Each structure stands twice: as C-alpha cells, then as structure tokens.
Amino acid sequence: MTIFLYGASGSGKSTLGAALAHALNLGFLDLDAQIEIDLNDNIANTIATHGEEVFRDAETAALENGVVGKEKVIALGGGALLREQNRALAEKNGKITFLEADSETLAERLSKDENKRPLLAGELKEKLTTLLEKRAAHYASFSLRVNAAKEKKQTLWDIQRKLGRFHSRSMGTGYDILIQEGGVDKIGEMLKERDLRGPILLVSDSNVAPIYAERVLNALKSAGYSAQQSIIPASEANKTLETVSQLWRATLNAGLDRKSTIVSLGGGMTSDLAGFAAATFMRGCNWVALPTSLLAMVDASMGGKTGFDLPEGKNLVGAFHPPRLVLADPETLATLPERELRSGMAEVLKHGIIADPALFEIFTTKTRRIQSFFEKEELAEIVRRGIAVKIKIIEEDPYEQGIRAALNLGHTIGHAVELVSGFELLHGEAVGIGMIVEAKLAEQMGIAETGLADKITETLVGLGLPTEIPQHLPTPNIIRTMQTDKKKSAGIIRFALPVKIGEVRIGVEVEGLEEVLASIA
C-alpha cells in the first residue's frame, strides 16, 4: 500500500514524507522533485515557458510511474490530485493523508522556504489566500486528515496512528505493525512482500480456528506457500509446556526449518505460545502474529514477549523473540464474544491511563452496550490508539529495563487474582480489578491524585467489568502468588502505580503488602 501525503504548499509534505518513510522503513518519492528530473528543468521555469498544462501532464506521468513497484511514501504537489485521473490512481493504489494547517502557519513556512512556488509568485499572503479559497472544496473532500501545524515529531506520530501503520526497531530486526481491515485475506501477500519463507505452520486455538483458519490457509496457499495448521485447546489453563511441546512436534511434522515461518492466529495465549515455539525451535525461526482479540491486538502480539505459565504463576518461562510482522484486522473483533471484548477494553483503558488521556476519554463518554456504541470505525480507532501507546513504550525500552514497566499497571495484582481464580476471571477482568486496587494503593501512599481510583472504577463499571476482588478468593493466596511474580526483583515486588490519567510511576516498593491489600481490596 502506497502512502500519499497531500496538502497545500507549506503543509510539510516533503519533509514529513521523508521522515515518515524512514520511520516506516519504506522508500520515498517526492513527486515534484521527480518531475524536475524527468523534465530536466525546475517547475517554475516549466510553467513559465510551457504553461501549467505541460507541468500537469508530467505530474500524471510521474505519478503513474511512482505507484509501480514496492510500497512507498509519495509526497504530492499541492494540486496533484485536482485531476480526477490522478486522484483515482492514488485512491486505487493506497491511502491519501491530507495535511491541514491554517493559512498563517502556511504563509510563515513559505516565507522561509527557499523553494519558491510558481503559483504563489508575487504577494505571498494574498496569492495563498486566493489559492486556498479556490481549492477549499477540493481540499475538504479528503477524509483522512492530520493537523500538520503541530511540532514535526507529533505530526509524524499522528500520521502513523491515523494510518494504523508502525515499524518497530526495538529489538534489532525491525518489523511492521499494521492495522488493516480485511488483513486476514491478505496475509499471504504480506508475507511475500517481506520475503518470509515457508513452509508455514499456522497455530490457532479451538475457538478461533473454526472461524478464520481456512481463510488464512487459503490466503497463504494462494501466495504460493505450503502451509499446515496446529490447533491448540483454547483457555489459559492450556498455556503450558505440554502445549509448547505439541507445537514443536507439529513444526517438525510440517517440515519447517530455522528459515521457515510460524503464523499465530488468535488471542494472547496463542501468540505467547506460538512465539515461544518460534523462539526455541532450532534456536529461533520467524513468526508472524495475526491477533483476533482486542487484548492481543493492543498488547500481547507486540514487543516480543513470548512464553508459557507454570502452576505457580503466569508467564514464568519465556523469551524475548520479536515477530516479523503483526497484522491486526479489526474485522475479526466482530466475532469476538462480548465478554472477551469487554475484557480487552480493560487493557486498552490501561494504555489510556498510562499515556493517552484522549483514549481514556473515549471510554468515559460511553454508557451503552459495547456492540451498539462501538461503531466499526470507533473500534478501529481505539485499536490504533491502544497500539500506538504500546509501540512508543517498547521502542523506548524494549527489554523492560525502565519505562516499559509502566505496562505492568494493574498486572501485579491482576495476574495473581487471575491465577487464584483458576482463570474463572479473564485476563482483562483481572487487570481491571488490579488497576483499581493499585490506584487505591497509590492514593493511600500519596502518589495519585485524589479520586483517581473512583474515576477508573466508574469507567470500568460503564464497560460492564468487575471492580472488586471476588470475596471467595483468599487474600493470603493472592499475596503468595504475587511473591512468585516475574516482576519481583531481589525479593521485592515493585509496582507501576498511576499518578493521574496519562502518568504512571514505576518501581514503587510497598511494605506490609498483606495488611495494605486487606485494607483497600
């Protein structure tokens, strides 16, 4: 998919385009620069000598050549899509992102730009105002819009979030994270584009496989891959070494070698197990995550954490092994059971508490049933925002030496509650309870602003999620389970505690944990 940046002169298409291409590990084409190469003349002189129509013909030719080949970022001229032919070509081959900025910002930038625009020659502000008025309806017709008047770094990140496309370099070998509707049926093409080899083992669970496995296998085989599947029993109780052994044997039987690829199709349990099998098979082979649950999309599938549970605790055995591609298809959420969707919302809400107040606000303004009030586009937006928070954090701290510990908000208590419940509580339900208890703890310690726990509780209630540790779960058992948590260091449990919406403090030690927990849980 080609990414087109479009907007008025001065909106930053060329500068942002080059930066975006670098961030996404894509090629870059500045269409105006290419036209000058093709014509062996600058644009101003071409228009002055031969007229604007000759320039526009050259623009169309350059665009037709530009969309051929591998996907890339193309910075378009300010009037490149006035021709219906050009617009149709761009819309057919990718996504158009319109960069919007007010006239004062545009004029200020253009006055400092050495590259003088021929259509703005003369009195800059007057010409710019006239041009913007003339093109107002045309510019307003583009729905995917980003505010380009912000600081460059923020605008660049906003573009990636709106497109639902990121590239992680956090663990050496880079990988793409894509949010794309219909991605399930395009997975084969995407593996080919990234030169991933077969044979392929598709790993899915007994709930997801009947719905999507055949479509994924067909997509892989249509792209020329030899592919087999291994179906594991659904439920966290099966996240064990025995299941990993099943996957190792299936990988051998499918004829994979260390250059082959494992594809994970399902929720967080599936990606953790498939990723660990890939990390350890022949000392490491490629793997790809195709998450189908909200929880897996915004959390489990990214960051390279893989592993399985022991009876004593969750994810006590594992390895860092990044995938080669994460492809989240929001359409798969339509078949997710309501309880699972609610559970995933807790993990997204956690990301809002950590670093995105606007994401948290989406949940506080909703009161109806999830299926009715989360419209298709809104659900895709919370997936994009949730993923964006995690990507920022894992890029800064890939191996959890510092800020990545913020992602443990709600998990120190939540993991223990989940395990002691015998997995009667879903992961997100337990994390939601954990966030409330940890917010109360933070308020009691003077870390959090007053009322934060109530604010989180009210939001979780609105999502139909539990907000208290079930009374039948013994507190001593929860404390004992927390003592085996992998987040403990040098015998001390360190918490990530919320300070306010958008801020978390990491590495907080708590003394007398059993008494404290008993007083606030």
# chains A, B, ... in the order shown; residues from 1 in each chain; ligands from 1

$ select_by_dssp --residues "stretch 165-219 of chain A" --states "helix (DSSP H, G or I)" --output "list of chain:residue names"
A:Gly183, A:Val184, A:Asp185, A:Lys186, A:Ile187, A:Gly188, A:Glu189, A:Met190, A:Leu191, A:Lys192, A:Glu193, A:Ala209, A:Pro210, A:Ile211, A:Tyr212, A:Ala213, A:Glu214, A:Arg215, A:Val216, A:Leu217, A:Asn218, A:Ala219

$ write_last_selection --atoms "N, CA and C atoms" --output "short mmCIF file (atom, residue, chain, number, x, y, z; two decimals), in the first residue's frame"
data_model
loop_
_atom_site.label_atom_id
_atom_site.label_comp_id
_atom_site.auth_asym_id
_atom_site.auth_seq_id
_atom_site.Cartn_x
_atom_site.Cartn_y
_atom_site.Cartn_z
N GLY A 183 -7.33 -7.79 6.51
CA GLY A 183 -5.96 -8.30 6.52
C GLY A 183 -5.88 -9.81 6.55
N VAL A 184 -6.88 -10.47 7.14
CA VAL A 184 -6.90 -11.93 7.21
C VAL A 184 -6.74 -12.54 5.82
N ASP A 185 -7.37 -11.93 4.82
CA ASP A 185 -7.34 -12.49 3.47
C ASP A 185 -6.13 -12.02 2.66
N LYS A 186 -5.29 -11.19 3.27
CA LYS A 186 -4.12 -10.66 2.54
C LYS A 186 -2.80 -11.08 3.19
N ILE A 187 -2.88 -11.96 4.17
CA ILE A 187 -1.68 -12.30 4.93
C ILE A 187 -0.61 -12.95 4.05
N GLY A 188 -1.03 -13.75 3.07
CA GLY A 188 -0.05 -14.38 2.18
C GLY A 188 0.75 -13.36 1.39
N GLU A 189 0.04 -12.38 0.82
CA GLU A 189 0.72 -11.33 0.05
C GLU A 189 1.70 -10.56 0.94
N MET A 190 1.29 -10.30 2.17
CA MET A 190 2.13 -9.51 3.07
C MET A 190 3.39 -10.27 3.48
N LEU A 191 3.29 -11.57 3.64
CA LEU A 191 4.47 -12.37 3.94
C LEU A 191 5.43 -12.38 2.75
N LYS A 192 4.86 -12.46 1.54
CA LYS A 192 5.69 -12.42 0.32
C LYS A 192 6.43 -11.09 0.20
N GLU A 193 5.73 -10.00 0.48
CA GLU A 193 6.34 -8.68 0.38
C GLU A 193 7.52 -8.53 1.34
N ALA A 209 -9.90 -21.10 15.30
CA ALA A 209 -9.63 -21.86 14.08
C ALA A 209 -10.87 -22.15 13.24
N PRO A 210 -12.00 -22.56 13.83
CA PRO A 210 -13.17 -22.84 13.00
C PRO A 210 -13.70 -21.62 12.24
N ILE A 211 -13.36 -20.42 12.74
CA ILE A 211 -13.88 -19.20 12.10
C ILE A 211 -12.94 -18.68 11.02
N TYR A 212 -11.63 -18.68 11.30
CA TYR A 212 -10.69 -17.97 10.42
C TYR A 212 -9.57 -18.82 9.82
N ALA A 213 -9.31 -20.01 10.33
CA ALA A 213 -8.14 -20.76 9.88
C ALA A 213 -8.18 -21.07 8.39
N GLU A 214 -9.34 -21.46 7.89
CA GLU A 214 -9.43 -21.81 6.46
C GLU A 214 -9.13 -20.60 5.58
N ARG A 215 -9.62 -19.43 5.97
CA ARG A 215 -9.35 -18.22 5.19
C ARG A 215 -7.86 -17.90 5.17
N VAL A 216 -7.21 -18.05 6.33
CA VAL A 216 -5.78 -17.76 6.40
C VAL A 216 -4.99 -18.77 5.59
N LEU A 217 -5.34 -20.05 5.70
CA LEU A 217 -4.64 -21.08 4.93
C LEU A 217 -4.81 -20.84 3.43
N ASN A 218 -6.02 -20.45 3.01
CA ASN A 218 -6.25 -20.17 1.59
C ASN A 218 -5.42 -18.98 1.13
N ALA A 219 -5.32 -17.96 1.97
CA ALA A 219 -4.52 -16.78 1.62
C ALA A 219 -3.05 -17.15 1.49
#

$ residues_around --residues "stretch 309-317 of chain A" --least-positions-apart "6" --cutoff "10 Å" --atoms "only C-alpha atoms" --output "number ranges by chain"
A: 236-241, 269, 272-273, 276, 415-416, 418-420, 480-487

$ write_last_selection --atoms "C-alpha atoms" --output "mmCIF file, in the first residue's frame"
data_model
loop_
_atom_site.group_PDB
_atom_site.id
_atom_site.type_symbol
_atom_site.label_atom_id
_atom_site.label_comp_id
_atom_site.auth_asym_id
_atom_site.auth_seq_id
_atom_site.Cartn_x
_atom_site.Cartn_y
_atom_site.Cartn_z
ATOM 1 C CA GLU A 236 -5.349 -20.058 29.640
ATOM 2 C CA ALA A 237 -5.192 -23.367 31.526
ATOM 3 C CA ASN A 238 -3.546 -24.850 28.405
ATOM 4 C CA LYS A 239 -0.747 -22.286 28.290
ATOM 5 C CA THR A 240 1.747 -24.914 29.389
ATOM 6 C CA LEU A 241 4.961 -26.673 28.440
ATOM 7 C CA MET A 269 -2.345 -17.091 24.733
ATOM 8 C CA ASP A 272 2.637 -16.199 23.515
ATOM 9 C CA LEU A 273 2.836 -19.943 22.834
ATOM 10 C CA PHE A 276 7.866 -19.104 22.263
ATOM 11 C CA HIS A 415 -2.086 -11.680 37.459
ATOM 12 C CA ALA A 416 -2.369 -13.058 40.991
ATOM 13 C CA GLU A 418 -6.479 -14.239 37.678
ATOM 14 C CA LEU A 419 -4.422 -17.270 38.724
ATOM 15 C CA VAL A 420 -6.048 -17.709 42.146
ATOM 16 C CA ARG A 480 1.585 -15.745 47.949
ATOM 17 C CA THR A 481 1.034 -15.793 44.201
ATOM 18 C CA MET A 482 2.320 -12.239 43.901
ATOM 19 C CA GLN A 483 5.536 -13.337 45.611
ATOM 20 C CA THR A 484 6.300 -15.614 42.632
ATOM 21 C CA ASP A 485 5.502 -12.940 40.043
ATOM 22 C CA LYS A 486 8.248 -12.392 37.463
ATOM 23 C CA LYS A 487 8.157 -8.650 38.178
#

$ residues_around --residues "A:Val510" --least-positions-apart "5" --cutoff "8 Å" --atoms "only C-alpha atoms" --output "list in words"
Ile493, Arg494 and Phe495 of chain A

$ write_last_selection --atoms "N, CA and C atoms" --output "mmCIF file, in the first residue's frame"
data_model
loop_
_atom_site.group_PDB
_atom_site.id
_atom_site.type_symbol
_atom_site.label_atom_id
_atom_site.label_comp_id
_atom_site.auth_asym_id
_atom_site.auth_seq_id
_atom_site.Cartn_x
_atom_site.Cartn_y
_atom_site.Cartn_z
ATOM 1 N N ILE A 493 8.676 -6.834 45.498
ATOM 2 C CA ILE A 493 7.690 -6.567 44.451
ATOM 3 C C ILE A 493 7.649 -5.067 44.207
ATOM 4 N N ARG A 494 7.845 -4.688 42.981
ATOM 5 C CA ARG A 494 7.807 -3.277 42.610
ATOM 6 C C ARG A 494 6.601 -3.027 41.718
ATOM 7 N N PHE A 495 5.826 -2.036 42.070
ATOM 8 C CA PHE A 495 4.581 -1.744 41.372
ATOM 9 C C PHE A 495 4.761 -0.611 40.357
#

$ residues_around --residues "A:His427" --least-positions-apart "4" --cutoff "10 Å" --atoms "only C-alpha atoms" --output "JSON, numbers by chain"
{"A": [236, 268, 295, 340, 343, 344, 346, 347, 411, 414, 415, 417, 418, 419, 423, 431, 432]}

$ residues_around --residues "A:Glu71" --least-positions-apart "3" --cutoff "12 Å" --atoms "only C-alpha atoms" --output "PyMOL selection string"
chain A and resi 1-4+21+24-29+66-68+74+93-95+190+193-194

$ closest_residue --among "A:Asp102, A:Glu468, A:Glu59, A:Asp299" --to "A:Ala148" --atoms "only C-alpha atoms"
A:Asp102

$ closest_residue --among "A:Ser245, A:Leu156, A:Gln471, A:Ala279" --to "A:His22" --atoms "only C-alpha atoms"
A:Leu156

$ decode --residues "stretch 371-521 of chain A" --atoms "C-alpha atoms" --output "PDB file, in the first residue's frame"
ATOM      1  CA  GLN A 371     -21.791  -3.901  20.460  1.00  0.00           C
ATOM      2  CA  SER A 372     -24.086  -0.924  19.946  1.00  0.00           C
ATOM      3  CA  PHE A 373     -21.914   2.033  20.859  1.00  0.00           C
ATOM      4  CA  PHE A 374     -18.532   0.995  19.497  1.00  0.00           C
ATOM      5  CA  GLU A 375     -19.116   1.603  15.843  1.00  0.00           C
ATOM      6  CA  LYS A 376     -16.776  -0.067  13.377  1.00  0.00           C
ATOM      7  CA  GLU A 377     -14.572   2.983  12.852  1.00  0.00           C
ATOM      8  CA  GLU A 378     -14.512   3.866  16.538  1.00  0.00           C
ATOM      9  CA  LEU A 379     -13.392   0.341  17.426  1.00  0.00           C
ATOM     10  CA  ALA A 380     -10.622   0.623  14.823  1.00  0.00           C
ATOM     11  CA  GLU A 381      -9.614   3.955  16.369  1.00  0.00           C
ATOM     12  CA  ILE A 382      -9.218   2.542  19.860  1.00  0.00           C
ATOM     13  CA  VAL A 383      -7.162  -0.308  18.379  1.00  0.00           C
ATOM     14  CA  ARG A 384      -4.913   2.239  16.653  1.00  0.00           C
ATOM     15  CA  ARG A 385      -4.549   4.392  19.770  1.00  0.00           C
ATOM     16  CA  GLY A 386      -4.001   1.410  22.036  1.00  0.00           C
ATOM     17  CA  ILE A 387      -1.297   0.007  19.779  1.00  0.00           C
ATOM     18  CA  ALA A 388       0.340   3.431  19.477  1.00  0.00           C
ATOM     19  CA  VAL A 389       0.814   3.675  23.247  1.00  0.00           C
ATOM     20  CA  LYS A 390       2.497   0.300  23.475  1.00  0.00           C
ATOM     21  CA  ILE A 391       4.723   0.907  20.456  1.00  0.00           C
ATOM     22  CA  LYS A 392       6.031   4.175  21.893  1.00  0.00           C
ATOM     23  CA  ILE A 393       6.917   2.479  25.150  1.00  0.00           C
ATOM     24  CA  ILE A 394       8.565  -0.647  23.735  1.00  0.00           C
ATOM     25  CA  GLU A 395      10.585   1.444  21.295  1.00  0.00           C
ATOM     26  CA  GLU A 396      11.992   3.397  24.223  1.00  0.00           C
ATOM     27  CA  ASP A 397      12.558   0.356  26.448  1.00  0.00           C
ATOM     28  CA  PRO A 398      12.458  -2.970  24.547  1.00  0.00           C
ATOM     29  CA  TYR A 399      13.753  -5.237  27.321  1.00  0.00           C
ATOM     30  CA  GLU A 400      11.855  -3.714  30.275  1.00  0.00           C
ATOM     31  CA  GLN A 401      14.789  -2.020  31.939  1.00  0.00           C
ATOM     32  CA  GLY A 402      12.814   1.120  32.716  1.00  0.00           C
ATOM     33  CA  ILE A 403       9.664   2.800  31.397  1.00  0.00           C
ATOM     34  CA  ARG A 404       8.263  -0.390  29.840  1.00  0.00           C
ATOM     35  CA  ALA A 405       7.410  -1.470  33.386  1.00  0.00           C
ATOM     36  CA  ALA A 406       4.552   1.068  33.152  1.00  0.00           C
ATOM     37  CA  LEU A 407       2.719  -1.510  31.039  1.00  0.00           C
ATOM     38  CA  ASN A 408       2.501  -3.636  34.206  1.00  0.00           C
ATOM     39  CA  LEU A 409      -0.113  -1.281  35.639  1.00  0.00           C
ATOM     40  CA  GLY A 410      -2.836  -3.482  37.123  1.00  0.00           C
ATOM     41  CA  HIS A 411      -0.901  -6.654  36.345  1.00  0.00           C
ATOM     42  CA  THR A 412       0.983  -7.189  39.611  1.00  0.00           C
ATOM     43  CA  ILE A 413      -2.275  -7.739  41.479  1.00  0.00           C
ATOM     44  CA  GLY A 414      -4.259  -8.699  38.377  1.00  0.00           C
ATOM     45  CA  HIS A 415      -2.086 -11.680  37.459  1.00  0.00           C
ATOM     46  CA  ALA A 416      -2.369 -13.058  40.991  1.00  0.00           C
ATOM     47  CA  VAL A 417      -6.143 -12.594  41.090  1.00  0.00           C
ATOM     48  CA  GLU A 418      -6.479 -14.239  37.678  1.00  0.00           C
ATOM     49  CA  LEU A 419      -4.422 -17.270  38.724  1.00  0.00           C
ATOM     50  CA  VAL A 420      -6.048 -17.709  42.146  1.00  0.00           C
ATOM     51  CA  SER A 421      -9.478 -17.572  40.468  1.00  0.00           C
ATOM     52  CA  GLY A 422      -8.456 -20.647  38.464  1.00  0.00           C
ATOM     53  CA  PHE A 423      -8.855 -18.464  35.350  1.00  0.00           C
ATOM     54  CA  GLU A 424     -12.556 -18.008  36.042  1.00  0.00           C
ATOM     55  CA  LEU A 425     -11.728 -14.325  35.624  1.00  0.00           C
ATOM     56  CA  LEU A 426     -10.498 -13.346  32.176  1.00  0.00           C
ATOM     57  CA  HIS A 427      -7.164 -11.555  31.929  1.00  0.00           C
ATOM     58  CA  GLY A 428      -8.646  -8.123  31.243  1.00  0.00           C
ATOM     59  CA  GLU A 429     -11.202  -8.524  34.030  1.00  0.00           C
ATOM     60  CA  ALA A 430      -8.427  -9.296  36.492  1.00  0.00           C
ATOM     61  CA  VAL A 431      -6.278  -6.418  35.200  1.00  0.00           C
ATOM     62  CA  GLY A 432      -9.213  -4.034  35.640  1.00  0.00           C
ATOM     63  CA  ILE A 433      -9.577  -5.122  39.261  1.00  0.00           C
ATOM     64  CA  GLY A 434      -5.810  -4.784  39.656  1.00  0.00           C
ATOM     65  CA  MET A 435      -5.852  -1.219  38.319  1.00  0.00           C
ATOM     66  CA  ILE A 436      -8.481  -0.179  40.851  1.00  0.00           C
ATOM     67  CA  VAL A 437      -6.667  -1.766  43.790  1.00  0.00           C
ATOM     68  CA  GLU A 438      -3.362  -0.269  42.664  1.00  0.00           C
ATOM     69  CA  ALA A 439      -4.967   3.151  42.186  1.00  0.00           C
ATOM     70  CA  LYS A 440      -6.352   2.961  45.749  1.00  0.00           C
ATOM     71  CA  LEU A 441      -2.894   1.970  46.926  1.00  0.00           C
ATOM     72  CA  ALA A 442      -1.366   4.921  45.055  1.00  0.00           C
ATOM     73  CA  GLU A 443      -3.873   7.318  46.651  1.00  0.00           C
ATOM     74  CA  GLN A 444      -3.180   5.884  50.109  1.00  0.00           C
ATOM     75  CA  MET A 445       0.569   6.408  49.569  1.00  0.00           C
ATOM     76  CA  GLY A 446       0.041   9.981  48.385  1.00  0.00           C
ATOM     77  CA  ILE A 447       1.252   9.150  44.869  1.00  0.00           C
ATOM     78  CA  ALA A 448      -2.022   9.517  42.976  1.00  0.00           C
ATOM     79  CA  GLU A 449      -4.379  12.454  42.776  1.00  0.00           C
ATOM     80  CA  THR A 450      -7.461  12.149  44.976  1.00  0.00           C
ATOM     81  CA  GLY A 451     -10.410  10.456  43.282  1.00  0.00           C
ATOM     82  CA  LEU A 452      -8.374   8.621  40.644  1.00  0.00           C
ATOM     83  CA  ALA A 453      -9.496   5.173  41.818  1.00  0.00           C
ATOM     84  CA  ASP A 454     -13.147   6.269  41.694  1.00  0.00           C
ATOM     85  CA  LYS A 455     -12.675   7.631  38.170  1.00  0.00           C
ATOM     86  CA  ILE A 456     -11.198   4.329  36.976  1.00  0.00           C
ATOM     87  CA  THR A 457     -13.881   2.350  38.817  1.00  0.00           C
ATOM     88  CA  GLU A 458     -16.699   4.365  37.247  1.00  0.00           C
ATOM     89  CA  THR A 459     -15.266   3.804  33.777  1.00  0.00           C
ATOM     90  CA  LEU A 460     -14.883   0.060  34.299  1.00  0.00           C
ATOM     91  CA  VAL A 461     -18.440  -0.140  35.592  1.00  0.00           C
ATOM     92  CA  GLY A 462     -19.571   1.574  32.394  1.00  0.00           C
ATOM     93  CA  LEU A 463     -17.801  -1.144  30.427  1.00  0.00           C
ATOM     94  CA  GLY A 464     -19.589  -3.843  32.421  1.00  0.00           C
ATOM     95  CA  LEU A 465     -16.379  -5.097  34.036  1.00  0.00           C
ATOM     96  CA  PRO A 466     -15.869  -6.323  37.626  1.00  0.00           C
ATOM     97  CA  THR A 467     -14.303  -3.825  40.006  1.00  0.00           C
ATOM     98  CA  GLU A 468     -13.622  -5.826  43.169  1.00  0.00           C
ATOM     99  CA  ILE A 469     -11.628  -8.923  44.072  1.00  0.00           C
ATOM    100  CA  PRO A 470     -14.211 -11.714  44.441  1.00  0.00           C
ATOM    101  CA  GLN A 471     -14.811 -12.366  48.142  1.00  0.00           C
ATOM    102  CA  HIS A 472     -14.234 -16.121  47.803  1.00  0.00           C
ATOM    103  CA  LEU A 473     -10.599 -15.579  46.714  1.00  0.00           C
ATOM    104  CA  PRO A 474      -8.367 -15.773  49.831  1.00  0.00           C
ATOM    105  CA  THR A 475      -6.131 -12.742  50.271  1.00  0.00           C
ATOM    106  CA  PRO A 476      -3.194 -14.858  51.559  1.00  0.00           C
ATOM    107  CA  ASN A 477      -3.311 -16.921  48.350  1.00  0.00           C
ATOM    108  CA  ILE A 478      -3.205 -13.750  46.259  1.00  0.00           C
ATOM    109  CA  ILE A 479      -0.232 -12.417  48.252  1.00  0.00           C
ATOM    110  CA  ARG A 480       1.585 -15.745  47.949  1.00  0.00           C
ATOM    111  CA  THR A 481       1.034 -15.793  44.201  1.00  0.00           C
ATOM    112  CA  MET A 482       2.320 -12.239  43.901  1.00  0.00           C
ATOM    113  CA  GLN A 483       5.536 -13.337  45.611  1.00  0.00           C
ATOM    114  CA  THR A 484       6.300 -15.614  42.632  1.00  0.00           C
ATOM    115  CA  ASP A 485       5.502 -12.940  40.043  1.00  0.00           C
ATOM    116  CA  LYS A 486       8.248 -12.392  37.463  1.00  0.00           C
ATOM    117  CA  LYS A 487       8.157  -8.650  38.178  1.00  0.00           C
ATOM    118  CA  LYS A 488       9.710  -9.284  41.606  1.00  0.00           C
ATOM    119  CA  SER A 489      13.384  -8.304  41.842  1.00  0.00           C
ATOM    120  CA  ALA A 490      15.793  -9.064  44.702  1.00  0.00           C
ATOM    121  CA  GLY A 491      12.838 -10.395  46.698  1.00  0.00           C
ATOM    122  CA  ILE A 492      10.918  -7.105  46.384  1.00  0.00           C
ATOM    123  CA  ILE A 493       7.690  -6.567  44.451  1.00  0.00           C
ATOM    124  CA  ARG A 494       7.807  -3.277  42.610  1.00  0.00           C
ATOM    125  CA  PHE A 495       4.581  -1.744  41.372  1.00  0.00           C
ATOM    126  CA  ALA A 496       3.681   0.514  38.473  1.00  0.00           C
ATOM    127  CA  LEU A 497       1.197   2.872  40.117  1.00  0.00           C
ATOM    128  CA  PRO A 498      -0.998   5.518  38.459  1.00  0.00           C
ATOM    129  CA  VAL A 499      -0.401   9.163  39.335  1.00  0.00           C
ATOM    130  CA  LYS A 500      -3.150  10.642  37.153  1.00  0.00           C
ATOM    131  CA  ILE A 501      -4.700   9.888  33.781  1.00  0.00           C
ATOM    132  CA  GLY A 502      -1.723   9.941  31.423  1.00  0.00           C
ATOM    133  CA  GLU A 503       1.008   9.355  34.020  1.00  0.00           C
ATOM    134  CA  VAL A 504       2.327   6.286  35.856  1.00  0.00           C
ATOM    135  CA  ARG A 505       5.171   5.926  38.357  1.00  0.00           C
ATOM    136  CA  ILE A 506       7.260   2.766  38.092  1.00  0.00           C
ATOM    137  CA  GLY A 507       9.403   0.836  40.572  1.00  0.00           C
ATOM    138  CA  VAL A 508       7.301   1.656  43.644  1.00  0.00           C
ATOM    139  CA  GLU A 509       8.045  -0.570  46.647  1.00  0.00           C
ATOM    140  CA  VAL A 510       5.252  -1.364  49.116  1.00  0.00           C
ATOM    141  CA  GLU A 511       5.860  -2.512  52.678  1.00  0.00           C
ATOM    142  CA  GLY A 512       3.376  -4.644  54.634  1.00  0.00           C
ATOM    143  CA  LEU A 513       1.641  -5.684  51.435  1.00  0.00           C
ATOM    144  CA  GLU A 514      -0.825  -8.121  53.036  1.00  0.00           C
ATOM    145  CA  GLU A 515      -2.097  -5.535  55.520  1.00  0.00           C
ATOM    146  CA  VAL A 516      -2.300  -2.862  52.847  1.00  0.00           C
ATOM    147  CA  LEU A 517      -4.156  -5.114  50.428  1.00  0.00           C
ATOM    148  CA  ALA A 518      -6.586  -6.236  53.113  1.00  0.00           C
ATOM    149  CA  SER A 519      -7.376  -2.610  53.939  1.00  0.00           C
ATOM    150  CA  ILE A 520      -8.163  -1.455  50.415  1.00  0.00           C
ATOM    151  CA  ALA A 521      -9.271  -4.519  48.417  1.00  0.00           C
TER     152      ALA A 521
END
